[in-house]
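Input: a single structure, listed below in C-alpha cells.
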Amino acid sequence: MLDKIEQLNQEKVIEEFEELTRDAKRVQREILHKILIENSEAEYLQKWGLNGRTDPETFKSCVPLVTHKDLDPYIQRIADGDISPILTGKPVTTISLSSGTTQGKPKFIPFTEELLNSTMQIFRTSFAFRNREFPIVNGKALQFIYSSKQFKTRGGLTAGTATTNVYRSSQFKNTMESMQSPCCSPDEVIFGPDFHQSLYCHLLCGLIYYDEVQIVSSAFAHSIVLAFQTFERVWEELCTDIREGILSSRVNVPSIRAAMAKLLKPNPAVADLIYKKILGSSNWYGIIPELFPNAKYIYGILTGSMEPYLKKLRHYAGQLPLLSADYGSSEGWIGANVNPRLPPEQATFAVLPDIGYFEFIPLREMTRDQGLDESASNIHCSESDPVGLTEVKIGEEYEIIITNFAGLYRYRLGDVVKVIDFHNSTPELQFVCRSNLLLTINIDKNTEKDLQLAVEEAGKLLLKEKIEVVDFTSHVELSTDPGHYVISWELSGEASEEVLIKCCDCLDRSFVDAGYVSSRKTNTIGALELRVVKRGTFQKILDHFLGLGAAVSQFKTPRCVSPSNTMVSQILCDNVVHRYFSNAFA
Ligand code: AMP
C-alpha cells in the first residue's frame, strides 16, 4: 500500500496540474509576463524595444522567431565568461550540451535553476499520474543512465549534457527518493568515465537487487535495448561476479570498483536462480520480467526516433507494460505524459502551461496528394503565423516555439507535433518528427517518420529469416547523376541475397511521397541503394558521439547523415558489406 502521506502528495500534484491546465490561457500570459520581467535587463530583450511591455501581442510583434544559430553568438559570449545580463537577468552558470545527434555536432544551451525546477515538476507530474495506475511501493529503479564528461568552458562555466546536469543535482536524487524509486546503482557507476563499464555495473546492480526492482528505465529507449543486447553477451560473467562476490576485471575504474565492492557479496543462490531463468527463456523473450519479477513497467522516451527500438524492447519486456516518458529537450520541457496507459505509438504529452511560453507554427502539408509547391519556405510544409497554446486545433500539425526562463525567446526547437486532444484547456501533443527535412533531392520530401515507415515495411521481409534491422540511417548520394537515396542497415544476422534484393525494392516503393514517386518514374532520382553494414557499426557511431561529449542517455541515432558529418559518413562507408540497387521502378 502507498504510504498515506505519499498518496496525498500525489493527489496534490495532480490537483495542481488540473488547476494549471483549467485556465492555460491566463497561465500563459502570466508566465510570459514573469519571464519578461525577470529578464528585462537582458541585452537581447532590450534590443527588441519591448519597453516594459509583456503582453503576448507586443512580444510577438517585437521579438523575432529564431533558431539556435541566431542565439549562438550570445551563448558563446556567456560560455566565454561574459557575466553581463546577455540572455537572462541573472548570470547563467551552467551550459548544457544538446546531444547533437540530430544536427551532427553538440550545441551549447544555457542551463538554469528554473530548468532544473521544471524538470522536477514534470517528473513529479507524470509520476503522480503513472503511480495512480501502476503504484510503486518502496521499490528501486534499474536506471540505465549515464553522465557525459563535464568540462569547463573558456569562461569557466561548467558544461555537460542536460541529463548530466540534472543527474548531478541533489533535487534529482530527492525526487527519485520521493517517488520511492531510487536508482539501484551508486553514483560512481552513473558518473563513471567509461560507458561500457557503467553499463555492465548497472546490469550487475539490477541483478543484485533483482527482487526490489520495480521500474526499468532510461531517458531514451535506445539505452534499455542496448543494455539487454549487452546482457545477452555478458550474462555468464555477471552470474560469476554474483556467485563469487568479485567484480569482473573488465571494470578497472577504481572508484567504480570501490563502490561495487560495497554491494557485491558472494551469492550462489541468486547466481543459480538467474542462470536457471536464462536457460529457461526462449530467445530472450520476456527476459526483463523474468529477471525482475516485481517490475511494474518499463519507462523511457519511446516515441519519435525511439520507435524503431520498440519491437526489440517489447521482445525483452514480454507482457510488462511500456510507459512513455515526457517530452522535452535540453532547451526546456514541454509536456508530461498524463495518460500512461496509452501504448507508446499513441503517447501524448500535455503541455505544462507554467514551464514556458509556447507558440505553434501551423504546418499545412502540401505534398502528399495535392499539388507540389516548391516555393514553400519550409520544404515539407507551408507555414502560417504562430498561434498560442490554447489556439491550436485538434488534428493539426505545428512546429513548436519555446520561450522560457533560460534565455530562449521565440526559439524554434525544430520539432513537429500534432494536437491530439485537450486536457482541460492545454493541448495534448503527439511528437511527429524533427522539422528539418531528412531526404530530399529535388521535389521529393521525406521526413524521419517516412523513413521509419519504409524501414518497418521492408524489415517485415526479413522476419521469415528471423533477422531484424538492429539500426539504420540514410543519406542522399549526390555524387551520382541523378542522385539517389542510400539506406544503411545493420542486421542481427546474415540475410540471404534474395531477401535483401526484395527489401531494397520494398524500401524504394515505400516512400509514397508524390514528389519522390514522380521523380523515380522519370528517373530524376536514381534507384534507391540499400547498404548492409557490419555488426557493431552503429556502436562505432555511438562511440564517436560519446567522444564529442555526448552522453548515452541522450543519444539518438542520426537518421540522416549529412555530408558535412564526415566522421559518421566515413564509419558507414568503411563498414559496408553488401550493396543493392532497387529495381522497383525499372
Ligand atoms: P536533446 O536536447 O538532445 O535531449 O534532444 C531533444 C529532442 O529529442 C527533442 O527536440 C525531440 O526531437 C526529441 N524528444 C525529446 N522528447 C521526446 C519524446 N517524448 N518523444 C519524441 N521525441 C522526443
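Simple scheme: letters A, B, ... for chains in C-alpha cells order, numbers from 1 for residues in each chain, numbers from 1 for ligands in the order shown.
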
Taking only C-alpha atoms into account, produce a table as CSV in which each residue of region 285-369 of chain A with an atom at most 12 Å from an atom of region 557-576 of chain A appears once, together with its shortest atom pair and the distance in Å to one decimal, ordered by chain and rising number.
residue,atom,partner,partner_atom,distance
A:Gly304,CA,A:Arg559,CA,11.2
A:Ser305,CA,A:Thr557,CA,7.8
A:Met306,CA,A:Thr557,CA,9.0
A:Glu307,CA,A:Thr557,CA,11.7
A:Pro308,CA,A:Thr557,CA,10.5
A:Tyr309,CA,A:Thr557,CA,10.9

Keeping only N, CA and C atoms, write those residues as a PDB file, in the first residue's frame.
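The file below, selection-v7.pdb, is the result:
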ATOM      1  N   GLY A 304       8.924   9.045 -31.252  1.00  0.00           N
ATOM      2  CA  GLY A 304       9.819   9.714 -32.199  1.00  0.00           C
ATOM      3  C   GLY A 304      10.902   8.772 -32.687  1.00  0.00           C
ATOM      4  N   SER A 305      12.142   9.230 -32.606  1.00  0.00           N
ATOM      5  CA  SER A 305      13.225   8.421 -33.175  1.00  0.00           C
ATOM      6  C   SER A 305      13.480   7.164 -32.349  1.00  0.00           C
ATOM      7  N   MET A 306      12.746   6.982 -31.257  1.00  0.00           N
ATOM      8  CA  MET A 306      12.894   5.754 -30.461  1.00  0.00           C
ATOM      9  C   MET A 306      11.949   4.653 -30.933  1.00  0.00           C
ATOM     10  N   GLU A 307      10.984   4.993 -31.752  1.00  0.00           N
ATOM     11  CA  GLU A 307      10.003   3.977 -32.176  1.00  0.00           C
ATOM     12  C   GLU A 307      10.639   2.753 -32.837  1.00  0.00           C
ATOM     13  N   PRO A 308      11.687   2.930 -33.639  1.00  0.00           N
ATOM     14  CA  PRO A 308      12.282   1.733 -34.247  1.00  0.00           C
ATOM     15  C   PRO A 308      12.809   0.716 -33.223  1.00  0.00           C
ATOM     16  N   TYR A 309      13.018   1.122 -31.979  1.00  0.00           N
ATOM     17  CA  TYR A 309      13.537   0.177 -30.984  1.00  0.00           C
ATOM     18  C   TYR A 309      12.421  -0.547 -30.232  1.00  0.00           C
TER      19      TYR A 309
END

Shell of 6 Å around region 76-93 of chain A, only C-alpha atoms, local chain residues under 6 positions omitted, as a PyMOL selection string: chain A and resi 39+41-44+153-155+157+407

Every residue of region 275-444 of chain A that DSSP places in alpha helix (DSSP H), as JSON, numbers by chain: {"A": [275, 276, 277, 278, 279, 280, 287, 288, 289, 290, 291, 310, 311, 312, 313, 314, 315, 316, 317]}

Take the residues from that selection and write them out as a PDB file, in the first residue's frame, keeping C-alpha atoms.
ATOM      1  CA  TYR A 275      21.203 -18.968 -14.569  1.00  0.00           C
ATOM      2  CA  LYS A 276      18.072 -21.068 -14.465  1.00  0.00           C
ATOM      3  CA  LYS A 277      15.866 -18.233 -15.670  1.00  0.00           C
ATOM      4  CA  ILE A 278      18.102 -17.544 -18.607  1.00  0.00           C
ATOM      5  CA  LEU A 279      18.397 -21.156 -19.637  1.00  0.00           C
ATOM      6  CA  GLY A 280      14.613 -21.406 -19.442  1.00  0.00           C
ATOM      7  CA  ILE A 287      13.739 -11.618 -20.056  1.00  0.00           C
ATOM      8  CA  ILE A 288      13.120  -8.347 -18.184  1.00  0.00           C
ATOM      9  CA  PRO A 289      10.140  -9.542 -16.091  1.00  0.00           C
ATOM     10  CA  GLU A 290      11.823 -12.926 -15.775  1.00  0.00           C
ATOM     11  CA  LEU A 291      14.891 -11.347 -14.154  1.00  0.00           C
ATOM     12  CA  LEU A 310      10.052  -0.692 -29.711  1.00  0.00           C
ATOM     13  CA  LYS A 311       9.903  -4.088 -31.337  1.00  0.00           C
ATOM     14  CA  LYS A 312      13.069  -5.255 -29.656  1.00  0.00           C
ATOM     15  CA  LEU A 313      12.048  -3.662 -26.382  1.00  0.00           C
ATOM     16  CA  ARG A 314       8.687  -5.435 -26.479  1.00  0.00           C
ATOM     17  CA  HIS A 315      10.520  -8.691 -27.047  1.00  0.00           C
ATOM     18  CA  TYR A 316      12.613  -8.202 -23.920  1.00  0.00           C
ATOM     19  CA  ALA A 317       9.610  -6.855 -21.988  1.00  0.00           C
TER      20      ALA A 317
END

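For the atom pair formed by CA of Ala221 (chain A) and CA of Phe108 (chain A), the distance is 24.1 Å, given to one decimal.
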
DSSP strand (DSSP E) residues within region 309-435 of chain A, as a ChimeraX atom specification: /A:322-324,327-329,332-336,349-351,357-365,381-383,387-388,397-403,411-423,426-434

Surroundings of ligand 1 up to 6 Å, based on only C-alpha atoms and all ligand atoms, as a PyMOL selection string: chain A and resi 98-99+301+303-304+325-330+415+431+434+554

Residue nearest Cys183 (chain A) among A:Ser118, A:Ser217, A:Thr164, A:Ser198 (counting only C-alpha atoms): A:Ser217
